[in-house]
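Colleague: As input, take target.cif (mmCIF, C-alpha atoms):
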data_protein
#
loop_
_atom_site.group_PDB
_atom_site.id
_atom_site.type_symbol
_atom_site.label_atom_id
_atom_site.label_comp_id
_atom_site.auth_asym_id
_atom_site.auth_seq_id
_atom_site.Cartn_x
_atom_site.Cartn_y
_atom_site.Cartn_z
ATOM 1 C CA MET A 1 -9.753 -18.335 -31.006
ATOM 2 C CA ALA A 2 -7.732 -16.434 -28.397
ATOM 3 C CA LYS A 3 -4.785 -16.140 -30.792
ATOM 4 C CA VAL A 4 -7.023 -14.860 -33.577
ATOM 5 C CA ALA A 5 -8.576 -12.222 -31.303
ATOM 6 C CA TYR A 6 -5.167 -11.128 -30.025
ATOM 7 C CA TYR A 7 -3.322 -10.831 -33.354
ATOM 8 C CA ILE A 8 -6.173 -9.837 -35.670
ATOM 9 C CA PHE A 9 -8.191 -7.549 -33.394
ATOM 10 C CA VAL A 10 -6.626 -6.486 -30.080
ATOM 11 C CA ILE A 11 -3.046 -5.691 -31.116
ATOM 12 C CA PRO A 12 -3.983 -3.749 -34.296
ATOM 13 C CA LEU A 13 -6.565 -1.849 -32.245
ATOM 14 C CA SER A 14 -3.887 -0.905 -29.692
ATOM 15 C CA TYR A 15 -1.928 1.014 -32.346
ATOM 16 C CA LEU A 16 -4.789 3.452 -32.846
ATOM 17 C CA PRO A 17 -4.421 6.872 -31.169
ATOM 18 C CA LEU A 18 -6.004 7.043 -27.739
ATOM 19 C CA VAL A 19 -8.492 9.657 -28.896
ATOM 20 C CA ILE A 20 -9.928 7.159 -31.387
ATOM 21 C CA LEU A 21 -9.996 4.370 -28.797
ATOM 22 C CA TYR A 22 -11.880 6.681 -26.434
ATOM 23 C CA ALA A 23 -14.397 7.428 -29.189
ATOM 24 C CA ILE A 24 -14.957 3.718 -29.789
ATOM 25 C CA MET A 25 -15.410 3.131 -26.065
ATOM 26 C CA ASP A 26 -17.883 6.013 -25.826
ATOM 27 C CA ILE A 27 -20.219 3.850 -27.909
ATOM 28 C CA PHE A 28 -19.544 0.925 -25.587
ATOM 29 C CA TYR A 29 -20.384 3.181 -22.614
ATOM 30 C CA LEU A 30 -23.816 3.901 -24.067
ATOM 31 C CA LEU A 31 -24.416 0.171 -24.368
ATOM 32 C CA LEU A 32 -23.339 -0.413 -20.760
ATOM 33 C CA ILE A 33 -25.709 2.133 -19.275
ATOM 34 C CA SER A 34 -28.664 1.087 -21.419
ATOM 35 C CA ILE A 35 -28.713 -2.246 -23.247
ATOM 36 C CA VAL A 36 -25.955 -4.376 -21.654
ATOM 37 C CA PRO A 37 -25.524 -3.220 -18.038
ATOM 38 C CA TYR A 38 -22.375 -5.133 -17.070
ATOM 39 C CA ARG A 39 -22.621 -6.588 -13.526
ATOM 40 C CA LYS A 40 -25.294 -4.071 -12.671
ATOM 41 C CA LYS A 41 -26.530 -5.888 -9.550
ATOM 42 C CA VAL A 42 -23.023 -6.264 -8.123
ATOM 43 C CA ILE A 43 -22.185 -2.610 -8.765
ATOM 44 C CA ILE A 44 -25.425 -1.312 -7.239
ATOM 45 C CA GLN A 45 -25.086 -3.552 -4.181
ATOM 46 C CA ASN A 46 -21.470 -2.543 -3.588
ATOM 47 C CA ILE A 47 -22.276 1.158 -3.840
ATOM 48 C CA GLU A 48 -25.370 0.831 -1.623
ATOM 49 C CA ARG A 49 -23.426 -0.912 1.128
ATOM 50 C CA SER A 50 -20.427 1.409 0.903
ATOM 51 C CA PHE A 51 -22.340 4.702 0.969
ATOM 52 C CA PRO A 52 -25.469 4.199 3.109
ATOM 53 C CA ASN A 53 -25.783 7.945 3.745
ATOM 54 C CA LYS A 54 -25.709 9.051 0.114
ATOM 55 C CA THR A 55 -28.924 9.848 -1.697
ATOM 56 C CA LYS A 56 -30.359 7.660 -4.435
ATOM 57 C CA SER A 57 -29.329 10.164 -7.100
ATOM 58 C CA GLU A 58 -25.775 10.373 -5.718
ATOM 59 C CA LYS A 59 -25.439 6.586 -5.864
ATOM 60 C CA ALA A 60 -26.835 6.502 -9.392
ATOM 61 C CA LYS A 61 -24.279 9.142 -10.407
ATOM 62 C CA ILE A 62 -21.420 7.007 -9.020
ATOM 63 C CA LYS A 63 -22.702 4.050 -11.052
ATOM 64 C CA ARG A 64 -22.818 6.072 -14.278
ATOM 65 C CA GLN A 65 -19.394 7.545 -13.628
ATOM 66 C CA PHE A 66 -17.998 4.084 -12.932
ATOM 67 C CA TYR A 67 -19.259 2.795 -16.275
ATOM 68 C CA ARG A 68 -17.625 5.794 -17.957
ATOM 69 C CA HIS A 69 -14.386 5.100 -16.090
ATOM 70 C CA LEU A 70 -14.547 1.393 -16.987
ATOM 71 C CA THR A 71 -14.802 2.069 -20.718
ATOM 72 C CA GLN A 72 -11.960 4.607 -20.620
ATOM 73 C CA LEU A 73 -9.884 2.124 -18.613
ATOM 74 C CA LEU A 74 -10.505 -0.484 -21.300
ATOM 75 C CA ALA A 75 -9.341 1.946 -23.987
ATOM 76 C CA GLU A 76 -6.179 2.753 -22.012
ATOM 77 C CA SER A 77 -5.492 -0.917 -21.259
ATOM 78 C CA VAL A 78 -5.708 -1.776 -24.948
ATOM 79 C CA LYS A 79 -3.419 1.155 -25.759
ATOM 80 C CA GLY A 80 -1.031 -0.049 -23.055
ATOM 81 C CA LEU A 81 -0.254 -3.147 -25.113
ATOM 82 C CA SER A 82 1.680 -1.066 -27.650
ATOM 83 C CA ILE A 83 2.221 2.330 -26.001
ATOM 84 C CA SER A 84 5.741 3.724 -26.385
ATOM 85 C CA GLU A 85 8.036 4.440 -23.464
ATOM 86 C CA ASN A 86 8.043 8.181 -24.185
ATOM 87 C CA GLU A 87 4.258 8.407 -24.377
ATOM 88 C CA LEU A 88 3.852 6.416 -21.174
ATOM 89 C CA LYS A 89 6.260 8.734 -19.353
ATOM 90 C CA ARG A 90 4.162 11.696 -20.464
ATOM 91 C CA ARG A 91 0.966 10.099 -19.220
ATOM 92 C CA ILE A 92 1.980 8.922 -15.747
ATOM 93 C CA THR A 93 4.216 10.913 -13.396
ATOM 94 C CA VAL A 94 5.168 10.916 -9.712
ATOM 95 C CA LYS A 95 4.340 13.897 -7.493
ATOM 96 C CA ASN A 96 6.919 13.147 -4.772
ATOM 97 C CA PRO A 97 9.569 10.733 -6.146
ATOM 98 C CA GLU A 98 11.888 11.618 -3.249
ATOM 99 C CA VAL A 99 10.036 9.079 -1.070
ATOM 100 C CA MET A 100 11.311 6.186 -3.202
ATOM 101 C CA ASP A 101 14.639 7.891 -3.938
ATOM 102 C CA ASP A 102 15.390 8.182 -0.203
ATOM 103 C CA LEU A 103 14.537 4.526 0.416
ATOM 104 C CA TYR A 104 16.791 3.513 -2.482
ATOM 105 C CA ALA A 105 19.641 5.650 -1.139
ATOM 106 C CA ASN A 106 19.217 3.976 2.265
ATOM 107 C CA GLY A 107 19.350 0.487 0.769
ATOM 108 C CA LYS A 108 15.701 -0.396 1.430
ATOM 109 C CA ASN A 109 13.582 -2.768 -0.606
ATOM 110 C CA VAL A 110 9.971 -1.624 -0.912
ATOM 111 C CA LEU A 111 6.464 -3.043 -1.016
ATOM 112 C CA LEU A 112 4.461 -0.655 -3.192
ATOM 113 C CA VAL A 113 0.861 -1.183 -2.095
ATOM 114 C CA SER A 114 -2.437 0.082 -3.487
ATOM 115 C CA GLY A 115 -5.672 -1.176 -5.058
ATOM 116 C CA HIS A 116 -7.636 -1.445 -8.291
ATOM 117 C CA TYR A 117 -8.181 2.284 -8.530
ATOM 118 C CA ASN A 118 -7.834 4.383 -11.682
ATOM 119 C CA ASN A 119 -5.424 2.836 -14.222
ATOM 120 C CA TRP A 120 -3.420 0.316 -12.197
ATOM 121 C CA GLU A 121 -2.329 -1.382 -15.453
ATOM 122 C CA TRP A 122 -0.277 1.651 -16.443
ATOM 123 C CA VAL A 123 1.378 1.608 -13.010
ATOM 124 C CA ILE A 124 2.398 -2.024 -13.615
ATOM 125 C CA LEU A 125 3.675 -1.076 -17.050
ATOM 126 C CA SER A 126 5.613 2.013 -15.958
ATOM 127 C CA GLN A 127 6.937 1.039 -12.523
ATOM 128 C CA ALA A 128 10.439 0.241 -13.783
ATOM 129 C CA LEU A 129 10.528 3.619 -15.542
ATOM 130 C CA LEU A 130 9.358 5.600 -12.522
ATOM 131 C CA PHE A 131 11.669 4.271 -9.800
ATOM 132 C CA LYS A 132 15.300 3.181 -9.423
ATOM 133 C CA HIS A 133 14.380 -0.102 -7.746
ATOM 134 C CA ASP A 134 14.021 -3.273 -9.839
ATOM 135 C CA ALA A 135 10.283 -3.605 -10.498
ATOM 136 C CA ILE A 136 8.448 -6.792 -9.538
ATOM 137 C CA GLY A 137 4.725 -7.469 -9.721
ATOM 138 C CA ILE A 138 3.021 -10.300 -7.832
ATOM 139 C CA GLY A 139 -0.152 -11.840 -9.165
ATOM 140 C CA MET A 140 -2.155 -14.941 -9.957
ATOM 141 C CA PRO A 141 -2.101 -16.388 -13.487
ATOM 142 C CA MET A 142 -5.061 -15.877 -15.795
ATOM 143 C CA THR A 143 -7.315 -18.790 -16.696
ATOM 144 C CA SER A 144 -6.128 -18.675 -20.311
ATOM 145 C CA LYS A 145 -2.451 -19.624 -20.572
ATOM 146 C CA PHE A 146 -2.223 -17.814 -23.913
ATOM 147 C CA TRP A 147 -3.581 -14.511 -22.567
ATOM 148 C CA ASP A 148 -1.537 -14.867 -19.365
ATOM 149 C CA LYS A 149 1.672 -15.247 -21.378
ATOM 150 C CA LYS A 150 0.925 -12.456 -23.842
ATOM 151 C CA ILE A 151 -0.339 -9.905 -21.302
ATOM 152 C CA ASN A 152 2.617 -10.496 -18.978
ATOM 153 C CA GLN A 153 5.033 -10.191 -21.903
ATOM 154 C CA ARG A 154 3.528 -6.789 -22.687
ATOM 155 C CA ARG A 155 3.556 -5.765 -19.008
ATOM 156 C CA SER A 156 7.241 -6.671 -18.765
ATOM 157 C CA ARG A 157 8.627 -4.878 -21.803
ATOM 158 C CA PHE A 158 9.836 -1.791 -19.871
ATOM 159 C CA GLY A 159 11.472 -3.775 -17.067
ATOM 160 C CA MET A 160 8.680 -5.120 -14.852
ATOM 161 C CA LYS A 161 9.164 -8.735 -13.738
ATOM 162 C CA VAL A 162 5.866 -10.545 -13.097
ATOM 163 C CA VAL A 163 6.019 -13.441 -10.608
ATOM 164 C CA HIS A 164 3.415 -15.928 -9.404
ATOM 165 C CA ALA A 165 2.119 -15.318 -5.881
ATOM 166 C CA LYS A 166 3.119 -18.847 -4.867
ATOM 167 C CA ASN A 167 6.748 -18.313 -5.942
ATOM 168 C CA TYR A 168 7.338 -14.784 -4.703
ATOM 169 C CA LYS A 169 9.908 -15.731 -2.012
ATOM 170 C CA GLU A 170 12.263 -17.273 -4.550
ATOM 171 C CA ALA A 171 12.027 -14.201 -6.795
ATOM 172 C CA LEU A 172 12.531 -11.727 -3.964
ATOM 173 C CA THR A 173 15.401 -13.487 -2.215
ATOM 174 C CA SER A 174 17.439 -14.001 -5.394
ATOM 175 C CA ASP A 175 20.061 -11.418 -6.373
ATOM 176 C CA LYS A 176 20.040 -9.696 -2.984
ATOM 177 C CA GLU A 177 22.465 -7.058 -4.196
ATOM 178 C CA ARG A 178 19.761 -5.404 -6.303
ATOM 179 C CA LEU A 179 17.072 -3.378 -4.519
ATOM 180 C CA LYS A 180 13.505 -4.252 -5.426
ATOM 181 C CA SER A 181 10.120 -2.552 -5.397
ATOM 182 C CA VAL A 182 7.303 -5.083 -5.288
ATOM 183 C CA LEU A 183 3.850 -4.033 -6.482
ATOM 184 C CA VAL A 184 0.963 -5.499 -4.473
ATOM 185 C CA LEU A 185 -2.719 -4.739 -5.124
ATOM 186 C CA SER A 186 -4.365 -5.632 -1.823
ATOM 187 C CA ASP A 187 -8.049 -4.884 -2.358
ATOM 188 C CA GLN A 188 -9.143 -8.223 -3.845
ATOM 189 C CA SER A 189 -11.484 -10.498 -1.912
ATOM 190 C CA PRO A 190 -9.312 -13.029 -0.010
ATOM 191 C CA GLY A 191 -9.698 -16.724 -0.654
ATOM 192 C CA ASP A 192 -10.138 -17.708 3.005
ATOM 193 C CA SER A 193 -12.158 -15.632 5.475
ATOM 194 C CA LEU A 194 -10.384 -17.286 8.425
ATOM 195 C CA LYS A 195 -6.937 -16.218 7.172
ATOM 196 C CA SER A 196 -7.992 -12.675 6.359
ATOM 197 C CA TYR A 197 -7.541 -9.506 8.355
ATOM 198 C CA TRP A 198 -11.012 -8.212 9.275
ATOM 199 C CA MET A 199 -11.591 -4.481 9.586
ATOM 200 C CA GLN A 200 -14.051 -1.704 8.793
ATOM 201 C CA PHE A 201 -13.711 -0.582 5.192
ATOM 202 C CA LEU A 202 -16.299 1.515 3.362
ATOM 203 C CA ASN A 203 -18.806 1.245 6.224
ATOM 204 C CA GLN A 204 -18.783 -2.539 6.546
ATOM 205 C CA ASN A 205 -16.876 -5.454 8.020
ATOM 206 C CA THR A 206 -14.393 -6.447 5.321
ATOM 207 C CA ALA A 207 -11.934 -9.291 4.835
ATOM 208 C CA VAL A 208 -8.605 -7.824 3.701
ATOM 209 C CA LEU A 209 -5.607 -9.643 2.262
ATOM 210 C CA PHE A 210 -2.857 -9.860 4.891
ATOM 211 C CA GLY A 211 -0.112 -10.728 2.420
ATOM 212 C CA ALA A 212 1.557 -7.312 2.222
ATOM 213 C CA GLU A 213 1.953 -7.115 5.984
ATOM 214 C CA MET A 214 3.313 -10.682 6.200
ATOM 215 C CA MET A 215 5.797 -9.994 3.414
ATOM 216 C CA ALA A 216 6.952 -6.778 5.051
ATOM 217 C CA HIS A 217 7.745 -8.610 8.306
ATOM 218 C CA GLN A 218 9.248 -11.685 6.636
ATOM 219 C CA LEU A 219 11.551 -9.731 4.327
ATOM 220 C CA ASN A 220 11.993 -6.450 6.235
ATOM 221 C CA TYR A 221 10.690 -4.368 3.321
ATOM 222 C CA ALA A 222 9.601 -0.769 3.663
ATOM 223 C CA VAL A 223 5.904 -0.254 2.854
ATOM 224 C CA VAL A 224 4.755 2.611 0.622
ATOM 225 C CA PHE A 225 1.163 3.267 -0.399
ATOM 226 C CA TYR A 226 0.636 4.960 -3.739
ATOM 227 C CA ALA A 227 -2.424 7.027 -4.614
ATOM 228 C CA LEU A 228 -3.079 7.200 -8.347
ATOM 229 C CA ARG A 229 -5.120 10.241 -9.355
ATOM 230 C CA LYS A 230 -6.428 11.253 -12.734
ATOM 231 C CA ILE A 231 -5.249 14.714 -13.795
ATOM 232 C CA LYS A 232 -7.278 14.541 -16.994
ATOM 233 C CA ARG A 233 -8.362 11.817 -19.372
ATOM 234 C CA GLY A 234 -5.335 9.691 -20.175
ATOM 235 C CA LYS A 235 -3.003 11.401 -17.708
ATOM 236 C CA TYR A 236 -2.267 10.336 -14.121
ATOM 237 C CA GLU A 237 -0.157 11.341 -11.151
ATOM 238 C CA LEU A 238 1.160 9.112 -8.370
ATOM 239 C CA GLU A 239 1.491 10.370 -4.809
ATOM 240 C CA LEU A 240 3.546 8.251 -2.416
ATOM 241 C CA PHE A 241 2.881 7.733 1.309
ATOM 242 C CA LEU A 242 5.518 6.028 3.457
ATOM 243 C CA ILE A 243 3.758 3.730 5.920
ATOM 244 C CA THR A 244 6.927 2.344 7.489
ATOM 245 C CA ASP A 245 10.581 1.771 6.681
ATOM 246 C CA ASN A 246 10.944 -0.594 9.661
ATOM 247 C CA PRO A 247 8.043 -3.079 9.800
ATOM 248 C CA SER A 248 9.398 -4.795 12.929
ATOM 249 C CA GLU A 249 8.300 -1.720 14.876
ATOM 250 C CA ARG A 250 4.675 -2.197 13.798
ATOM 251 C CA SER A 251 2.254 -4.416 15.704
ATOM 252 C CA TRP A 252 -0.227 -6.889 14.203
ATOM 253 C CA GLY A 253 -2.608 -5.211 11.771
ATOM 254 C CA GLU A 254 -1.052 -1.738 11.750
ATOM 255 C CA ILE A 255 0.335 -1.947 8.216
ATOM 256 C CA THR A 256 -2.868 -3.449 6.805
ATOM 257 C CA GLU A 257 -5.019 -0.859 8.558
ATOM 258 C CA ALA A 258 -2.799 1.935 7.244
ATOM 259 C CA HIS A 259 -2.759 1.029 3.548
ATOM 260 C CA THR A 260 -6.439 0.036 3.525
ATOM 261 C CA HIS A 261 -7.552 3.311 5.109
ATOM 262 C CA LEU A 262 -5.433 5.281 2.647
ATOM 263 C CA LEU A 263 -7.199 3.518 -0.217
ATOM 264 C CA GLU A 264 -10.548 4.131 1.477
ATOM 265 C CA GLN A 265 -9.737 7.833 1.678
ATOM 266 C CA GLU A 266 -9.068 7.960 -2.066
ATOM 267 C CA ILE A 267 -12.349 6.164 -2.787
ATOM 268 C CA ASN A 268 -14.332 8.464 -0.513
ATOM 269 C CA ASN A 269 -12.791 11.511 -2.177
ATOM 270 C CA GLU A 270 -13.607 10.215 -5.668
ATOM 271 C CA PRO A 271 -15.642 6.971 -5.719
ATOM 272 C CA ALA A 272 -16.074 6.241 -9.431
ATOM 273 C CA PRO A 273 -12.540 5.040 -10.376
ATOM 274 C CA TRP A 274 -12.585 2.050 -7.998
ATOM 275 C CA LEU A 275 -13.460 -1.405 -9.369
ATOM 276 C CA TRP A 276 -17.091 -1.556 -8.198
ATOM 277 C CA SER A 277 -17.873 -4.505 -10.478
ATOM 278 C CA HIS A 278 -15.673 -6.800 -8.366
ATOM 279 C CA LYS A 279 -17.463 -9.070 -5.841
ATOM 280 C CA ARG A 280 -15.500 -7.536 -3.002
ATOM 281 C CA TRP A 281 -17.696 -8.619 -0.082
ATOM 282 C CA LYS A 282 -18.402 -12.254 -0.923
ATOM 283 C CA ARG A 283 -16.755 -13.628 2.252
ATOM 284 C CA GLU A 284 -19.001 -14.189 5.267
ATOM 285 C CA VAL A 285 -18.000 -12.604 8.552
ATOM 286 C CA PRO A 286 -16.763 -15.381 10.919
ATOM 287 C CA SER A 287 -19.217 -16.190 13.707
ATOM 288 C CA ASP A 288 -16.733 -15.433 16.510
ATOM 289 C CA LEU A 289 -14.688 -12.647 14.985
ATOM 290 C CA GLU A 290 -13.092 -11.375 18.193
ATOM 291 C CA THR A 291 -11.774 -14.829 19.082
ATOM 292 C CA LEU A 292 -10.361 -15.223 15.572
ATOM 293 C CA LYS A 293 -8.626 -11.850 15.820
ATOM 294 C CA GLN A 294 -7.050 -12.768 19.140
ATOM 295 C CA GLN A 295 -5.795 -16.061 17.731
ATOM 296 C CA GLN A 296 -4.342 -14.276 14.688
ATOM 297 C CA ARG A 297 -2.673 -11.635 16.859
ATOM 298 C CA THR A 298 -1.128 -14.265 19.144
ATOM 299 C CA ALA A 299 0.195 -16.352 16.219
ATOM 300 C CA PHE A 300 1.605 -13.237 14.540
ATOM 301 C CA ASN A 301 3.370 -12.039 17.686
ATOM 302 C CA GLU A 302 4.890 -15.466 18.304
ATOM 303 C CA LYS A 303 6.109 -15.769 14.710
ATOM 304 C CA TYR A 304 7.786 -12.354 14.644
ATOM 305 C CA ASN A 305 8.765 -12.140 18.332
ATOM 306 C CA LEU A 306 6.653 -9.056 18.967
#
So that I can check it, write out the structure of this file as structure tokens.

Modeller:
Amino acid sequence: MAKVAYYIFVIPLSYLPLVILYAIMDIFYLLLISIVPYRKKVIIQNIERSFPNKTKSEKAKIKRQFYRHLTQLLAESVKGLSISENELKRRITVKNPEVMDDLYANGKNVLLVSGHYNNWEWVILSQALLFKHDAIGIGMPMTSKFWDKKINQRRSRFGMKVVHAKNYKEALTSDKERLKSVLVLSDQSPGDSLKSYWMQFLNQNTAVLFGAEMMAHQLNYAVVFYALRKIKRGKYELELFLITDNPSERSWGEITEAHTHLLEQEINNEPAPWLWSHKRWKREVPSDLETLKQQQRTAFNEKYNL
């Protein structure tokens, strides 16, 4: 069934012009806000908890705008399966490429960190076209082996190499002569609340993935946060923020705090393009959080001689 859907429906659909895909998704948007409200309870709860000081009408507006964003994102993701290199270059640009150019010139590998905000799929697709570094994306496989294979083949066609999160060390330590930029989306809900970094994010105690910070210290990678902003429908601009080019100088939690607050700033400035349908706050806050933090800090300092 998956093969039929992919070859008979999804791929042919992707060859349609974006303007037609947007028109199709406009109908889907009307269904989402009326008849089939996708994950409505999750979205409302997330927005309520994140913006306690906003009015009811302001929160309702964010919800509507998110549904609009979600349908446009779906149209762009479908188009991304067949989009040409030239069209992609026209649709996603970098405001300050000198940040990555300077790191490349200085022989620094990079962790490129952000979240599920605006069209992250086009960033995955275009990363190898935007920067001189070899592009690597780290992720978990999809439930369907067929879709996982096909989607990653499409993601990789312009030079991105997709690696499993469990095998990232092997991929990153091979061919050390070539500089790498590793894309990490760090706003998912972690699998273990006791191994997470806990901090305030969007007005609530939040478990944050600590992987980017661990990788930076293990591999001595520079850390760059990217903000992806929509210029107009179907066109985006990346702005780069250097968090550190020497992670050994940063104490426990500094890198995680920095990239998470930068994402939070983008969300506060324009809430709708974040993935509000994700169950972001499903982890319970540990009963003795301060003790856990002290234990994590001590273990981190011992491991990295800080």

Colleague: Could you check the closest approach to Pro52 of chain A for each of A:Gln204, A:Pro37, A:Lys95, A:Glu177 and tell me which residue wins, using all atoms listed in the file?

Modeller: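 Under the stated criterion, the closest residue is A:Gln204.
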
Colleague: Between A:Asp175, A:Lys132, A:Trp147, A:Ala258, which residue has the minimum interatomic distance to Ala5 of chain A, considering all atoms listed in the file?

Modeller: A:Trp147

Colleague: Taking 5 positions as the minimum chain separation for residues in the same chain, which residues sit within 9 Å of segment 22-31 of chain A when counting all atoms listed in the file? Answer as a list in words.

Modeller: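 Here the qualifying residues turn out to be Pro17, Val36, Pro37, Tyr67, Arg68, Leu70, Thr71, Gln72, Leu74, Ala75 and Glu76 of chain A.
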
Colleague: Find the residues around Lys3 of chain A up to 12 Å (all atoms listed in the file counted), leave out those fewer than 2 positions away in its own chain, and share them as an MDAnalysis selection string.

Modeller: chainID A and resid 1 5:11 144:150

Colleague: Could you tell me which residues the PyMOL selection byres ((chain A and resi 209) around 9) grabs in this file, written as a list in words?

Modeller: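 Applied to this file, the PyMOL selection byres ((chain A and resi 209) around 9) selects Ser186, Asp187, Gln188, Ser189, Pro190, Gly191, Lys195, Ser196, Tyr197, Trp198, Ala207, Val208, Phe210, Gly211, Ala212, Glu213 and Thr256 of chain A.
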
Colleague: Might you pull out every residue within 10 Å of Ile43 of chain A, with only C-alpha atoms counted and same-chain residues fewer than 3 positions away left off, and present them as an mmCIF file with C-alpha atoms, keeping the file's coordinate frame?

Modeller:
data_model
loop_
_atom_site.group_PDB
_atom_site.id
_atom_site.type_symbol
_atom_site.label_atom_id
_atom_site.label_comp_id
_atom_site.auth_asym_id
_atom_site.auth_seq_id
_atom_site.Cartn_x
_atom_site.Cartn_y
_atom_site.Cartn_z
ATOM 1 C CA PRO A 37 -25.524 -3.220 -18.038
ATOM 2 C CA TYR A 38 -22.375 -5.133 -17.070
ATOM 3 C CA ARG A 39 -22.621 -6.588 -13.526
ATOM 4 C CA LYS A 40 -25.294 -4.071 -12.671
ATOM 5 C CA ASN A 46 -21.470 -2.543 -3.588
ATOM 6 C CA ILE A 47 -22.276 1.158 -3.840
ATOM 7 C CA GLU A 48 -25.370 0.831 -1.623
ATOM 8 C CA ILE A 62 -21.420 7.007 -9.020
ATOM 9 C CA LYS A 63 -22.702 4.050 -11.052
ATOM 10 C CA PHE A 66 -17.998 4.084 -12.932
ATOM 11 C CA TYR A 67 -19.259 2.795 -16.275
ATOM 12 C CA LEU A 275 -13.460 -1.405 -9.369
ATOM 13 C CA TRP A 276 -17.091 -1.556 -8.198
ATOM 14 C CA SER A 277 -17.873 -4.505 -10.478
ATOM 15 C CA HIS A 278 -15.673 -6.800 -8.366
ATOM 16 C CA LYS A 279 -17.463 -9.070 -5.841
#

Colleague: Convert the output of the PyMOL selection byres ((chain A and resi 226) around 7) on the shown file into explicit residues, formatted as a VMD selection string.

Modeller: chain A and resid 112 to 114 224 to 225 227 to 228 238 to 241

Colleague: Ranking A:Ile83, A:Ala222, A:Ile92, A:Ala299 by minimum distance to Asn119 of chain A and counting all atoms listed in the file, which one comes first?

Modeller: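 Going through A:Ile83, A:Ala222, A:Ile92, A:Ala299 one by one, the smallest distance to Asn119 of chain A is for A:Ile92.
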
Colleague: Which residues, written as a ChimeraX atom specification, have at least one atom at most 8 Å from Leu130 of chain A, with all atoms listed in the file counted and residues fewer than 4 positions away on the same chain left out?

Modeller: /A:93-94,126

Colleague: Could you check how far atom CA of Val99 of chain A sits from atom CA of Ser77 of chain A, in Å to one decimal?

Modeller: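 Atom CA of Ser77 of chain A lies at a distance of 27.4 Å from atom CA of Val99 of chain A.
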
Colleague: Taking into account all atoms listed in the file, which residue in the set A:Gly107, A:Gly80, A:Pro12, A:Pro97 is nearest to Glu121 of chain A?

Modeller: A:Gly80

Colleague: Go through A:Ile243, A:Val19, A:Ala165, A:Leu129 one by one, measure the shortest atom-to-atom distance of each to Pro141 of chain A using only C-alpha atoms, and give the residue with the smallest value.

Modeller: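 Of A:Ile243, A:Val19, A:Ala165, A:Leu129, the one nearest Pro141 of chain A is A:Ala165, counting only C-alpha atoms.
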
Colleague: Between atom CA of Asn205 of chain A and atom CA of Ser287 of chain A, what is the distance, to one decimal in Å?

Modeller: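 Computing it gives 12.4 Å between the two atoms.
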
Colleague: Taking all atoms listed in the file into account, name the residue in A:Asn167, A:Ser248, A:Ser14, A:Gln265 that is nearest to Arg154 of chain A.

Modeller: A:Ser14

Colleague: The PyMOL selection byres ((chain A and resi 284) around 10) on the file shown: which residues, as a ChimeraX atom specification?

Modeller: /A:192-194,205-207,281-283,285-287

Colleague: For atom CA of Lys79 of chain A and atom CA of Ala2 of chain A, quote the distance in Å rounded to one decimal.

Modeller: 18.3 Å

Colleague: Considering all atoms listed in the file, return as a list in words whatever protein or nucleic-acid residues lie within 8 Å of Leu202 of chain A, sequence-local ones (same chain, fewer than 2 positions apart) excluded.

Modeller: Arg49, Ser50, Phe51, Gln200, Gln204 and Glu264 of chain A

Colleague: Just C-alpha atoms for this one: save the residues we selected as a short mmCIF file (atom, residue, chain, number, x, y, z; two decimals), keeping the file's coordinate frame.

Modeller:
data_model
loop_
_atom_site.label_atom_id
_atom_site.label_comp_id
_atom_site.auth_asym_id
_atom_site.auth_seq_id
_atom_site.Cartn_x
_atom_site.Cartn_y
_atom_site.Cartn_z
CA ARG A 49 -23.43 -0.91 1.13
CA SER A 50 -20.43 1.41 0.90
CA PHE A 51 -22.34 4.70 0.97
CA GLN A 200 -14.05 -1.70 8.79
CA GLN A 204 -18.78 -2.54 6.55
CA GLU A 264 -10.55 4.13 1.48
#
